[in-house]
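Engineer: This is the content of entry.txt (compact mmCIF, C-alpha atoms):
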```txt
# COMPACT_ATOMS: atom_id res chain seq x y z
CA MET A 1 -11.22 -9.27 -19.08
CA THR A 2 -13.83 -11.65 -20.47
CA VAL A 3 -17.07 -12.60 -18.75
CA VAL A 4 -15.66 -16.06 -18.03
CA GLU A 5 -12.52 -14.59 -16.43
CA GLN A 6 -14.61 -12.18 -14.34
CA ALA A 7 -16.75 -15.10 -13.13
CA ALA A 8 -13.65 -17.05 -12.20
CA VAL A 9 -12.25 -14.14 -10.23
CA SER A 10 -15.53 -13.57 -8.42
CA THR A 11 -15.69 -17.19 -7.29
CA GLU A 12 -12.16 -17.26 -5.85
CA LEU A 13 -12.08 -17.53 -2.08
CA PRO A 14 -10.15 -14.87 -0.17
CA ASP A 15 -6.76 -15.90 1.13
CA GLN A 16 -7.06 -17.88 4.35
CA PRO A 17 -4.39 -17.69 7.03
CA ALA A 18 -2.28 -20.80 7.16
CA PRO A 19 -2.99 -22.99 10.21
CA ALA A 20 -0.45 -22.69 12.99
CA PRO A 21 2.06 -25.53 12.97
CA PRO A 22 1.74 -28.02 15.84
CA PRO A 23 4.08 -27.33 18.76
CA VAL A 24 7.37 -29.16 18.90
CA PRO A 25 7.24 -32.16 21.31
CA LEU A 26 8.75 -31.38 24.69
CA ARG A 27 11.60 -33.82 24.19
CA ARG A 28 12.62 -31.84 21.07
CA ASN A 29 11.95 -28.42 22.60
CA ARG A 30 15.55 -27.28 22.99
CA ASP A 31 14.87 -24.48 25.48
CA PHE A 32 12.59 -26.58 27.69
CA VAL A 33 15.05 -29.49 27.74
CA LEU A 34 17.89 -27.14 28.73
CA LEU A 35 15.79 -25.53 31.47
CA TRP A 36 14.55 -28.92 32.72
CA ALA A 37 17.98 -30.55 32.74
CA GLY A 38 19.76 -27.60 34.31
CA ALA A 39 17.22 -27.28 37.10
CA GLY A 40 17.37 -31.04 37.60
CA MET A 41 21.13 -30.87 38.15
CA ALA A 42 20.69 -28.00 40.59
CA PHE A 43 17.96 -29.82 42.55
CA LEU A 44 20.00 -33.03 42.74
CA GLY A 45 23.01 -31.09 44.01
CA THR A 46 20.86 -29.43 46.66
CA ARG A 47 19.55 -32.81 47.86
CA VAL A 48 23.09 -34.19 48.08
CA SER A 49 24.38 -31.21 50.09
CA ALA A 50 21.35 -31.21 52.42
CA LEU A 51 22.36 -34.60 53.83
CA ALA A 52 26.07 -33.77 53.67
CA TYR A 53 25.60 -30.77 55.99
CA THR A 54 24.18 -33.03 58.70
CA LEU A 55 26.83 -35.71 58.24
CA VAL A 56 29.85 -33.43 58.21
CA THR A 57 28.58 -31.47 61.22
CA PHE A 58 27.90 -34.53 63.35
CA TRP A 59 31.06 -36.37 62.31
CA SER A 60 33.21 -33.28 62.93
CA THR A 61 31.72 -32.20 66.26
CA GLY A 62 29.95 -35.28 67.63
CA SER A 63 27.12 -32.96 68.64
CA ALA A 64 23.53 -33.64 67.63
CA THR A 65 22.68 -30.10 68.75
CA ALA A 66 25.19 -28.68 66.28
CA ALA A 67 23.76 -30.83 63.50
CA GLY A 68 20.28 -29.62 64.42
CA LEU A 69 21.40 -25.99 64.26
CA VAL A 70 22.79 -26.44 60.75
CA THR A 71 19.58 -28.16 59.62
CA PHE A 72 17.55 -25.33 61.17
CA ALA A 73 19.61 -22.76 59.25
CA ALA A 74 19.00 -24.65 56.00
CA LEU A 75 15.21 -24.76 56.57
CA LEU A 76 14.80 -21.18 57.82
CA PRO A 77 14.70 -19.55 54.33
CA ASN A 78 11.52 -21.50 53.56
CA LEU A 79 9.79 -19.25 56.08
CA LEU A 80 11.79 -16.01 55.90
CA VAL A 81 12.74 -15.69 52.23
CA GLN A 82 9.75 -17.03 50.28
CA LEU A 83 7.62 -13.88 50.19
CA PRO A 84 10.31 -11.27 49.40
CA ALA A 85 11.84 -13.68 46.87
CA GLY A 86 8.53 -13.94 45.02
CA ALA A 87 8.24 -10.15 44.82
CA PHE A 88 11.79 -9.74 43.50
CA VAL A 89 11.46 -12.59 41.00
CA ASP A 90 8.48 -10.82 39.41
CA GLN A 91 10.57 -7.66 39.05
CA TRP A 92 13.93 -9.06 37.96
CA ASP A 93 15.05 -10.83 34.81
CA ARG A 94 14.48 -14.54 35.52
CA ARG A 95 17.42 -15.91 33.55
CA ARG A 96 19.83 -13.45 35.16
CA THR A 97 18.39 -14.24 38.60
CA MET A 98 18.96 -17.97 38.12
CA ILE A 99 22.51 -17.41 36.86
CA VAL A 100 23.35 -15.26 39.89
CA CYS A 101 21.83 -17.92 42.18
CA ASP A 102 24.00 -20.63 40.60
CA LEU A 103 27.14 -18.48 40.89
CA GLY A 104 26.38 -17.71 44.53
CA ARG A 105 25.79 -21.34 45.37
CA ILE A 106 29.00 -22.43 43.65
CA VAL A 107 31.00 -19.99 45.76
CA ALA A 108 29.18 -20.85 49.01
CA ILE A 109 29.34 -24.63 48.57
CA GLY A 110 32.90 -24.40 47.32
CA SER A 111 33.92 -22.72 50.56
CA VAL A 112 32.57 -25.71 52.53
CA ALA A 113 34.44 -28.16 50.29
CA VAL A 114 37.68 -26.24 50.94
CA ALA A 115 37.00 -26.07 54.70
CA VAL A 116 36.31 -29.82 54.95
CA LEU A 117 39.33 -30.65 52.76
CA SER A 118 41.60 -28.54 54.96
CA GLY A 119 40.15 -29.97 58.18
CA HIS A 120 38.80 -26.63 59.44
CA VAL A 121 35.07 -27.12 59.96
CA TRP A 122 33.18 -24.46 61.90
CA VAL A 123 29.52 -24.81 62.80
CA ALA A 124 28.92 -21.08 62.29
CA HIS A 125 30.37 -21.28 58.79
CA LEU A 126 28.17 -24.26 57.92
CA MET A 127 25.08 -22.47 59.26
CA VAL A 128 25.78 -19.37 57.17
CA VAL A 129 26.43 -21.37 54.01
CA ALA A 130 23.37 -23.58 54.55
CA PHE A 131 21.21 -20.48 54.97
CA VAL A 132 22.69 -18.74 51.91
CA GLU A 133 22.44 -21.82 49.70
CA ALA A 134 18.83 -22.45 50.69
CA SER A 135 17.91 -18.77 50.21
CA LEU A 136 19.39 -18.71 46.72
CA GLY A 137 17.58 -21.99 46.08
CA VAL A 138 14.26 -20.31 46.86
CA PHE A 139 14.96 -17.56 44.30
CA TYR A 140 16.09 -20.14 41.73
CA ARG A 141 13.09 -22.42 42.25
CA LEU A 142 10.54 -19.59 41.96
CA SER A 143 12.23 -18.23 38.81
CA GLU A 144 12.38 -21.65 37.15
CA ARG A 145 8.77 -22.48 37.95
CA ALA A 146 7.57 -19.13 36.58
CA ALA A 147 9.70 -19.48 33.44
CA VAL A 148 8.26 -22.80 32.24
CA ARG A 149 5.13 -21.34 30.64
CA ASN A 150 7.30 -19.11 28.46
CA VAL A 151 9.20 -21.96 26.79
CA VAL A 152 6.33 -24.40 26.10
CA ALA A 153 3.04 -24.23 24.21
CA PRO A 154 -0.07 -23.63 26.37
CA ASP A 155 -1.44 -27.15 25.83
CA GLN A 156 1.92 -28.64 26.84
CA LEU A 157 1.99 -26.95 30.24
CA GLY A 158 0.54 -29.98 32.04
CA ALA A 159 3.14 -32.35 30.58
CA ALA A 160 5.93 -29.87 31.34
CA MET A 161 4.85 -29.50 34.98
CA ALA A 162 4.52 -33.27 35.28
CA GLY A 163 8.09 -33.66 34.04
CA ASN A 164 9.28 -31.06 36.53
CA GLU A 165 7.54 -32.72 39.46
CA ALA A 166 8.90 -36.14 38.48
CA ARG A 167 12.35 -34.59 38.24
CA GLY A 168 12.02 -33.26 41.79
CA GLN A 169 10.84 -36.63 43.08
CA ALA A 170 13.78 -38.35 41.36
CA ALA A 171 16.23 -35.83 42.84
CA GLY A 172 14.84 -36.52 46.30
CA LEU A 173 15.00 -40.27 45.76
CA LEU A 174 18.61 -40.23 44.54
CA GLY A 175 20.05 -37.32 46.50
CA GLN A 176 20.30 -38.88 49.95
CA PRO A 177 21.92 -42.18 48.94
CA ILE A 178 24.34 -40.34 46.64
CA GLY A 179 25.19 -37.90 49.43
CA SER A 180 25.83 -40.63 51.99
CA LEU A 181 27.88 -42.68 49.51
CA LEU A 182 30.08 -39.75 48.49
CA PHE A 183 30.57 -38.72 52.11
CA SER A 184 31.65 -42.24 53.01
CA LEU A 185 34.32 -42.06 50.29
CA VAL A 186 35.78 -38.62 51.05
CA ALA A 187 34.03 -36.06 53.27
CA TRP A 188 34.41 -33.05 50.97
CA ILE A 189 33.26 -34.77 47.75
CA PRO A 190 29.48 -34.24 48.28
CA PHE A 191 30.06 -30.48 48.34
CA GLY A 192 32.28 -30.64 45.28
CA PHE A 193 29.56 -32.66 43.52
CA THR A 194 26.97 -30.01 44.41
CA ALA A 195 29.18 -27.19 43.15
CA LEU A 196 29.62 -29.01 39.82
CA ALA A 197 25.87 -29.58 39.62
CA HIS A 198 25.24 -25.84 39.93
CA LEU A 199 27.92 -25.19 37.33
CA GLY A 200 26.02 -27.50 34.97
CA SER A 201 22.80 -25.62 35.68
CA LEU A 202 24.48 -22.29 34.97
CA THR A 203 25.84 -23.60 31.67
CA THR A 204 22.42 -24.70 30.42
CA LEU A 205 20.97 -21.26 31.19
CA LEU A 206 23.53 -19.60 28.93
CA PHE A 207 22.28 -21.60 25.93
CA ILE A 208 18.52 -20.98 26.31
CA ARG A 209 17.35 -18.77 23.46
CA LYS A 210 13.82 -17.78 24.46
CA SER A 211 13.03 -15.11 26.99
CA LEU A 212 11.95 -16.64 30.29
CA GLN A 213 9.29 -14.00 30.92
CA ALA A 214 6.71 -11.97 29.05
CA GLU A 215 7.50 -8.40 28.11
CA GLN A 216 6.45 -5.91 30.74
CA GLU A 217 5.63 -2.25 30.44
CA GLU A 218 8.22 0.06 31.90
CA HIS A 219 6.98 1.50 35.16
CA ARG A 220 8.28 2.38 38.55
CA ALA A 221 8.14 -0.72 40.70
CA PRO A 222 6.17 -0.38 43.94
CA ARG A 223 7.91 -1.12 47.19
CA ILE A 224 8.44 -4.72 48.12
CA LEU A 225 5.72 -4.78 50.79
CA ALA A 226 3.24 -3.37 48.29
CA ARG A 227 4.19 -6.08 45.77
CA ILE A 228 3.73 -8.78 48.41
CA ARG A 229 0.32 -7.33 49.30
CA GLU A 230 -0.61 -7.45 45.61
CA GLY A 231 0.28 -11.13 45.57
CA PHE A 232 -1.88 -11.92 48.58
CA ALA A 233 -4.72 -9.81 47.17
CA PHE A 234 -4.58 -11.73 43.91
CA VAL A 235 -4.62 -15.12 45.64
CA TRP A 236 -7.50 -14.06 47.87
CA GLY A 237 -9.44 -12.85 44.84
CA GLN A 238 -9.08 -16.21 43.04
CA LYS A 239 -11.74 -18.27 44.80
CA TYR A 240 -10.76 -21.71 43.54
CA LEU A 241 -7.03 -21.10 43.80
CA ARG A 242 -7.60 -19.98 47.38
CA ARG A 243 -9.57 -23.14 48.12
CA ALA A 244 -6.95 -25.39 46.53
CA LEU A 245 -4.14 -23.79 48.56
CA GLY A 246 -6.18 -24.13 51.74
CA LEU A 247 -6.65 -27.85 51.14
CA LEU A 248 -2.94 -28.19 50.37
CA ALA A 249 -1.85 -26.49 53.59
CA ALA A 250 -4.24 -28.52 55.74
CA SER A 251 -3.31 -31.87 54.18
CA ASN A 252 0.43 -31.12 54.49
CA ILE A 253 -0.01 -30.81 58.25
CA LEU A 254 -1.58 -34.26 58.31
CA PHE A 255 1.19 -35.74 56.18
CA GLN A 256 3.78 -34.71 58.76
CA VAL A 257 1.89 -36.63 61.43
CA LEU A 258 1.71 -39.66 59.12
CA ALA A 259 5.44 -39.47 58.34
CA LEU A 260 6.36 -39.66 62.01
CA ALA A 261 3.62 -42.23 62.65
CA LEU A 262 5.27 -44.52 60.09
CA ILE A 263 8.49 -44.57 62.13
CA VAL A 264 6.57 -45.15 65.39
CA ILE A 265 4.45 -47.99 63.92
CA VAL A 266 7.46 -49.78 62.45
CA LYS A 267 9.39 -49.47 65.72
CA GLU A 268 6.43 -50.66 67.83
CA ASP A 269 6.11 -53.74 65.62
CA GLY A 270 9.80 -54.62 66.02
CA GLY A 271 10.94 -53.17 62.69
CA THR A 272 14.38 -51.70 62.01
CA PRO A 273 15.66 -48.53 60.27
CA PRO A 274 16.31 -50.47 57.02
CA VAL A 275 12.61 -51.35 56.95
CA ILE A 276 11.77 -47.64 57.18
CA GLY A 277 14.32 -46.93 54.46
CA PHE A 278 12.67 -49.55 52.24
CA ILE A 279 9.23 -48.00 52.70
CA LEU A 280 10.53 -44.50 52.02
CA ALA A 281 12.35 -45.65 48.87
CA VAL A 282 9.17 -47.26 47.54
CA ASN A 283 7.29 -44.07 48.40
CA GLY A 284 9.76 -42.04 46.34
CA VAL A 285 9.14 -44.24 43.32
CA GLY A 286 5.38 -43.88 43.85
CA GLY A 287 5.62 -40.10 43.96
CA MET A 288 7.68 -40.02 40.77
CA LEU A 289 5.21 -42.29 38.95
CA GLY A 290 2.31 -40.17 40.18
CA ALA A 291 3.91 -37.04 38.77
CA LEU A 292 4.65 -38.72 35.43
CA SER A 293 1.06 -39.94 35.07
CA SER A 294 -0.59 -36.69 36.18
CA ASN A 295 -0.89 -35.26 32.67
CA PHE A 296 -2.77 -38.41 31.61
CA PHE A 297 -5.35 -37.85 34.37
CA MET A 298 -5.61 -34.10 33.74
CA LYS A 299 -6.43 -34.63 30.06
CA ARG A 300 -9.14 -37.17 30.84
CA PHE A 301 -10.68 -35.91 34.06
CA GLY A 302 -9.58 -32.30 34.56
CA ILE A 303 -7.95 -30.61 37.51
CA ARG A 304 -10.93 -30.21 39.81
CA LYS A 305 -11.89 -33.92 39.63
CA ILE A 306 -8.31 -34.84 40.48
CA ILE A 307 -8.40 -32.56 43.54
CA MET A 308 -11.66 -34.15 44.73
CA PHE A 309 -10.64 -37.74 44.06
CA VAL A 310 -7.20 -37.40 45.65
CA ASN A 311 -8.61 -35.92 48.86
CA VAL A 312 -11.34 -38.56 49.09
CA SER A 313 -8.91 -41.43 48.45
CA TRP A 314 -6.50 -40.08 51.07
CA ALA A 315 -9.22 -40.33 53.73
CA GLY A 316 -9.70 -44.02 53.00
CA LEU A 317 -5.99 -44.81 52.76
CA MET A 318 -5.18 -43.01 56.01
CA ALA A 319 -7.80 -45.09 57.83
CA ALA A 320 -6.10 -48.25 56.54
CA ILE A 321 -2.78 -47.20 58.09
CA ALA A 322 -4.27 -47.46 61.60
CA PHE A 323 -4.82 -51.20 61.13
CA ALA A 324 -1.78 -52.10 58.99
CA HIS A 325 1.29 -53.59 60.63
CA HIS A 326 3.16 -55.58 58.00
CA PRO A 327 5.90 -53.53 56.27
CA VAL A 328 4.68 -54.52 52.80
CA ALA A 329 1.14 -53.39 53.65
CA LEU A 330 2.44 -50.11 55.07
CA ALA A 331 4.62 -49.59 52.00
CA ALA A 332 1.65 -50.20 49.68
CA ILE A 333 -0.64 -47.80 51.55
CA TYR A 334 1.94 -45.04 51.91
CA THR A 335 2.96 -45.42 48.27
CA ALA A 336 -0.66 -45.04 47.14
CA ILE A 337 -0.92 -41.86 49.23
CA VAL A 338 2.31 -40.46 47.78
CA TYR A 339 1.25 -41.46 44.25
CA GLY A 340 -1.90 -39.38 44.72
CA ALA A 341 0.22 -36.52 46.05
CA GLY A 342 2.35 -36.64 42.90
CA VAL A 343 -0.74 -36.41 40.70
CA GLY A 344 -2.36 -33.72 42.85
CA ASN A 345 0.77 -31.58 43.15
CA VAL A 346 1.12 -31.30 39.38
CA ALA A 347 -2.58 -30.52 38.95
CA GLY A 348 -2.33 -27.80 41.59
CA MET A 349 0.78 -26.27 40.00
CA VAL A 350 -0.81 -26.24 36.55
CA TYR A 351 -3.92 -24.57 37.98
CA GLN A 352 -1.82 -21.93 39.72
CA VAL A 353 0.36 -21.20 36.68
CA LYS A 354 -2.62 -20.99 34.31
CA THR A 355 -4.66 -18.67 36.51
CA THR A 356 -1.78 -16.31 37.39
CA PRO A 357 -0.54 -13.49 35.11
CA ASP A 358 3.10 -13.83 34.09
CA ASN A 359 4.15 -10.74 36.03
CA MET A 360 2.79 -12.24 39.27
CA GLN A 361 4.05 -15.81 38.93
CA GLY A 362 6.85 -15.30 41.45
CA ARG A 363 4.67 -13.85 44.16
CA VAL A 364 1.83 -16.34 43.81
CA GLY A 365 4.33 -19.21 43.61
CA SER A 366 6.04 -17.97 46.77
CA ILE A 367 2.72 -17.80 48.62
CA SER A 368 1.96 -21.37 47.54
CA MET A 369 5.36 -22.62 48.71
CA LEU A 370 5.10 -20.69 51.97
CA LEU A 371 1.79 -22.34 52.76
CA ALA A 372 3.26 -25.74 52.01
CA SER A 373 6.53 -25.28 53.92
CA GLY A 374 4.89 -23.41 56.77
CA ALA A 375 2.32 -26.17 57.10
CA ASN A 376 5.13 -28.74 57.19
CA SER A 377 6.78 -27.08 60.17
CA ILE A 378 3.47 -26.81 62.03
CA GLY A 379 2.66 -30.41 61.19
CA ALA A 380 6.01 -31.64 62.49
CA LEU A 381 5.33 -29.89 65.80
CA ILE A 382 1.83 -31.34 66.08
CA ALA A 383 3.09 -34.80 65.12
CA GLY A 384 5.51 -34.99 68.04
CA PHE A 385 2.94 -33.97 70.63
CA ALA A 386 0.19 -36.16 69.17
CA LEU A 387 2.28 -39.34 69.01
CA ASP A 388 3.64 -38.78 72.52
CA ALA A 389 0.20 -38.13 73.97
CA PHE A 390 -1.72 -40.91 72.18
CA THR A 391 -1.10 -44.32 70.68
CA SER A 392 -0.15 -44.43 67.02
CA THR A 393 -3.54 -45.96 66.17
CA THR A 394 -5.43 -43.17 67.93
CA ALA A 395 -3.28 -40.47 66.31
CA VAL A 396 -3.76 -41.93 62.82
CA LEU A 397 -7.51 -42.26 63.32
CA ALA A 398 -7.64 -38.60 64.41
CA VAL A 399 -5.73 -37.65 61.25
CA THR A 400 -8.20 -39.74 59.23
CA ALA A 401 -11.15 -37.87 60.73
CA VAL A 402 -9.65 -34.52 59.78
CA MET A 403 -8.84 -35.84 56.29
CA ALA A 404 -12.43 -37.02 55.89
CA LEU A 405 -13.57 -33.47 56.65
CA LEU A 406 -11.13 -32.12 54.06
CA ALA A 407 -12.46 -34.65 51.53
CA ILE A 408 -16.01 -33.40 52.09
CA LEU A 409 -14.83 -29.79 51.75
CA SER A 410 -13.01 -30.60 48.51
CA VAL A 411 -16.21 -32.02 46.99
CA LEU A 412 -18.22 -29.00 48.12
CA ALA A 413 -15.54 -26.60 46.85
CA PHE A 414 -14.89 -28.14 43.43
CA GLY A 415 -17.95 -30.26 42.63
CA GLY A 416 -20.44 -27.60 41.52
CA ARG A 417 -21.35 -26.14 38.14
CA ARG A 418 -19.49 -22.89 38.78
CA ALA A 419 -16.28 -24.77 39.55
CA ALA A 420 -16.66 -26.65 36.25
CA GLU A 421 -17.16 -23.35 34.39
CA ALA A 422 -14.09 -21.86 36.09
CA GLU A 423 -11.99 -24.85 35.03
CA ALA A 424 -13.27 -24.58 31.45
CA ALA A 425 -12.35 -20.89 31.43
CA ILE A 426 -8.71 -21.44 32.42
CA ASN A 427 -8.31 -24.07 29.69
CA LEU A 428 -8.94 -21.30 27.15
CA THR A 429 -6.09 -19.19 28.47
CA ARG A 430 -2.40 -19.63 28.91
```
Turn the structure described in the file into structure tokens.
Structural biologist:
Amino acid sequence: MTVVEQAAVSTELPDQPAPAPPPVPLRRNRDFVLLWAGAGMAFLGTRVSALAYTLVTFWSTGSATAAGLVTFAALLPNLLVQLPAGAFVDQWDRRRTMIVCDLGRIVAIGSVAVAVLSGHVWVAHLMVVAFVEASLGVFYRLSERAAVRNVVAPDQLGAAMAGNEARGQAAGLLGQPIGSLLFSLVAWIPFGFTALAHLGSLTTLLFIRKSLQAEQEEHRAPRILARIREGFAFVWGQKYLRRALGLLAASNILFQVLALALIVIVKEDGGTPPVIGFILAVNGVGGMLGALSSNFFMKRFGIRKIIMFVNVSWAGLMAAIAFAHHPVALAAIYTAIVYGAGVGNVAGMVYQVKTTPDNMQGRVGSISMLLASGANSIGALIAGFALDAFTSTTAVLAVTAVMALLAILSVLAFGGRRAAEAEAAINLTR
């Protein structure tokens, strides 16, 4: 080798690793689209059947008590099943769990369709099916939520969660009118529709290629109570996650009072049920738009600023409700509140998913949902007593005072330098 050749060799740079290709956009991410669409079908079917249970029970028996019992059975899993479901979801294969949930719901809902079609409707049967369907729904929802981070790139998690939240808002917005329309045509059709929706969900799961969970070391699983304790210990050890969940639970109680207050205010001002339906429909659109825009706000302001701003804005908006009487004004205020909830819900879910190890997603997700659903039931109880004991204006002002306290706590909890450092740390991890 000549001196010139040796010099050339010595000046060559060592091979550099090729830069990683940019992630595929979510709309072209085959596995995410299948997961998103399948879960969307399942959620829409669940919304349709939720109303259909009430309608078929009341129309078949003429008893409001019977309808209430069926609704109670459908809501009970939110309190009884959440925690054990989270522990099992972390231990089981997520795709297989979701497939079994879809199969179980097809059989359960199908039995109601057959019973209604044959004219043999039993309240006990409806209660059992409502409980089973809702329980399987808890397992499905926790599995799907935990699976998302395994089918998208880390920096796409916010957009993916925003799409999921918007999907849920859309299912809630469309489910009730679809359910009432189908029931008015033929009583068994809403249940047939729901069964087909779960069949569609099951089909999409069969075509997903990626694993829906990270690989785990083989070890003997601890008992279910020990796994649940691990979940609570993890949440308690995550200071900012704990604070965010506390704010969520407290504000959900207040929202239940506001929901009932809306009906009372409209009625006191001579409004009709269609007016309430109009306001709720507009609210649904606001929640969906809030979810869709949440990723925009997260990229520009970060999660902790969203949490602070949403809580502060709620305090001001709730105060305005006490002095609003026109339906359009009420619709605008409530829609702004729900829009903020859509943005805040996605931010909270992204924070939880990013800070939680993959093998604990089910348990931490179940604790989050339990706090939300448990707070809803407590809030509904408080709402009835508060609006019977005081005027709607007094009750709303009391809610505003509590919300103002929560707003101050949110600023104290997430406004410091350490909170900013904690947020920066989670942005470096999956």
Engineer: Report as a PyMOL selection string all protein, DNA and RNA residues lying within 12 Å of Ala166 of chain A, evaluated on all atoms listed in the file, omitting residues in the same chain fewer than 3 positions from it.
Structural biologist: chain A and resi 36+40+43+159-163+169-173+284-295+339+341-343+345-346
Engineer: Taking only C-alpha atoms into account, which of A:Ala67, A:Leu126, A:Ala115, A:Ala195 comes nearest Val48 of chain A?
Structural biologist: A:Ala195
Engineer: Under the rule of at most 12 Å, produce a per-residue listing of segment 239-338 of chain A near segment 347-366 of chain A: chain, number, name, the closest pair of atoms, and the distance in Å, as JSON lines, using all atoms listed in the file.
Structural biologist:
```
{"residue": "A:Lys239", "atom": "CA", "partner": "A:Thr355", "partner_atom": "CA", "distance": 10.9}
{"residue": "A:Tyr240", "atom": "CA", "partner": "A:Tyr351", "partner_atom": "CA", "distance": 9.3}
{"residue": "A:Leu241", "atom": "CA", "partner": "A:Gln352", "partner_atom": "CA", "distance": 6.7}
{"residue": "A:Arg242", "atom": "CA", "partner": "A:Gln352", "partner_atom": "CA", "distance": 9.8}
{"residue": "A:Arg243", "atom": "CA", "partner": "A:Gly348", "partner_atom": "CA", "distance": 10.8}
{"residue": "A:Ala244", "atom": "CA", "partner": "A:Gly348", "partner_atom": "CA", "distance": 7.2}
{"residue": "A:Leu245", "atom": "CA", "partner": "A:Gly348", "partner_atom": "CA", "distance": 8.2}
{"residue": "A:Gly246", "atom": "CA", "partner": "A:Gly348", "partner_atom": "CA", "distance": 11.5}
{"residue": "A:Leu247", "atom": "CA", "partner": "A:Gly348", "partner_atom": "CA", "distance": 10.5}
{"residue": "A:Leu248", "atom": "CA", "partner": "A:Gly348", "partner_atom": "CA", "distance": 8.8}
{"residue": "A:Gly290", "atom": "CA", "partner": "A:Ala347", "partner_atom": "CA", "distance": 10.9}
{"residue": "A:Ala291", "atom": "CA", "partner": "A:Ala347", "partner_atom": "CA", "distance": 9.2}
{"residue": "A:Leu292", "atom": "CA", "partner": "A:Ala347", "partner_atom": "CA", "distance": 11.5}
{"residue": "A:Ser293", "atom": "CA", "partner": "A:Ala347", "partner_atom": "CA", "distance": 10.8}
{"residue": "A:Ser294", "atom": "CA", "partner": "A:Ala347", "partner_atom": "CA", "distance": 7.0}
{"residue": "A:Asn295", "atom": "CA", "partner": "A:Ala347", "partner_atom": "CA", "distance": 8.0}
{"residue": "A:Phe296", "atom": "CA", "partner": "A:Ala347", "partner_atom": "CA", "distance": 10.8}
{"residue": "A:Phe297", "atom": "CA", "partner": "A:Ala347", "partner_atom": "CA", "distance": 9.1}
{"residue": "A:Met298", "atom": "CA", "partner": "A:Ala347", "partner_atom": "CA", "distance": 7.0}
{"residue": "A:Lys299", "atom": "CA", "partner": "A:Ala347", "partner_atom": "CA", "distance": 10.5}
{"residue": "A:Phe301", "atom": "CA", "partner": "A:Ala347", "partner_atom": "CA", "distance": 10.9}
{"residue": "A:Gly302", "atom": "CA", "partner": "A:Ala347", "partner_atom": "CA", "distance": 8.5}
{"residue": "A:Ile303", "atom": "CA", "partner": "A:Ala347", "partner_atom": "CA", "distance": 5.6}
{"residue": "A:Arg304", "atom": "CA", "partner": "A:Ala347", "partner_atom": "CA", "distance": 8.4}
{"residue": "A:Lys305", "atom": "CA", "partner": "A:Ala347", "partner_atom": "CA", "distance": 9.9}
{"residue": "A:Ile306", "atom": "CA", "partner": "A:Ala347", "partner_atom": "CA", "distance": 7.3}
{"residue": "A:Ile307", "atom": "CA", "partner": "A:Ala347", "partner_atom": "CA", "distance": 7.7}
{"residue": "A:Met308", "atom": "CA", "partner": "A:Ala347", "partner_atom": "CA", "distance": 11.4}
{"residue": "A:Phe309", "atom": "CA", "partner": "A:Ala347", "partner_atom": "CA", "distance": 12.0}
{"residue": "A:Val310", "atom": "CA", "partner": "A:Ala347", "partner_atom": "CA", "distance": 10.7}
```
Engineer: So how many Å separate atom CA of Val121 of chain A and atom CA of Tyr140 of chain A, to one decimal?
Structural biologist: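 Distance between the two atoms: 27.2 Å.
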Engineer: Find the residues near Ala52 of chain A: any atom within 9 Å, counting all atoms listed in the file, skip ones fewer than 5 places away on the same chain, and give them as a ChimeraX atom specification.
Structural biologist: /A:47,57,176,179-180,182-183,187-188,190-191
Engineer: Within 12 Å of segment 199-214 of chain A, which residues of segment 80-181 of chain A show up? Give each one with its shortest atom-to-atom distance in Å (one decimal) and the two atoms involved, counting all atoms listed in the file, rows by chain then rising residue number, as a Markdown table.
Structural biologist:
```
| residue | atom | partner | partner_atom | distance |
| --- | --- | --- | --- | --- |
| A:Val89 | CA | A:Gln213 | CA | 10.4 |
| A:Asp90 | CA | A:Gln213 | CA | 9.1 |
| A:Gln91 | CA | A:Gln213 | CA | 10.4 |
| A:Trp92 | CA | A:Gln213 | CA | 9.8 |
| A:Asp93 | CA | A:Gln213 | CA | 7.6 |
| A:Arg94 | CA | A:Leu212 | CA | 6.2 |
| A:Arg95 | CA | A:Leu212 | CA | 6.4 |
| A:Arg96 | CA | A:Leu205 | CA | 8.8 |
| A:Thr97 | CA | A:Leu205 | CA | 10.5 |
| A:Met98 | CA | A:Leu202 | CA | 7.7 |
| A:Ile99 | CA | A:Leu202 | CA | 5.6 |
| A:Val100 | CA | A:Leu202 | CA | 8.7 |
| A:Cys101 | CA | A:Leu202 | CA | 8.8 |
| A:Asp102 | CA | A:Leu202 | CA | 5.9 |
| A:Leu103 | CA | A:Leu202 | CA | 7.5 |
| A:Gly104 | CA | A:Leu199 | CA | 10.5 |
| A:Arg105 | CA | A:Leu199 | CA | 9.2 |
| A:Ile106 | CA | A:Leu199 | CA | 7.0 |
| A:Val107 | CA | A:Leu199 | CA | 10.4 |
| A:Ile109 | CA | A:Leu199 | CA | 11.3 |
| A:Gly110 | CA | A:Leu199 | CA | 11.2 |
| A:Tyr140 | CA | A:Ser201 | CA | 10.6 |
| A:Ser143 | CA | A:Leu212 | CA | 8.7 |
| A:Glu144 | CA | A:Leu212 | CA | 8.5 |
| A:Arg145 | CA | A:Leu212 | CA | 10.1 |
| A:Ala146 | CA | A:Gln213 | CA | 7.8 |
| A:Ala147 | CA | A:Leu212 | CA | 4.8 |
| A:Val148 | CA | A:Leu212 | CA | 7.4 |
| A:Arg149 | CA | A:Leu212 | CA | 8.3 |
| A:Asn150 | CA | A:Leu212 | CA | 5.6 |
| A:Val151 | CA | A:Lys210 | CA | 6.7 |
| A:Val152 | CA | A:Lys210 | CA | 10.1 |
```
Engineer: Figure out the distance between atom CA of Val128 of chain A and atom CA of Leu142 of chain A, please, to one decimal in Å.
Structural biologist: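 Atom-to-atom, atom CA of Leu142 of chain A to atom CA of Val128 of chain A, that is 21.5 Å.
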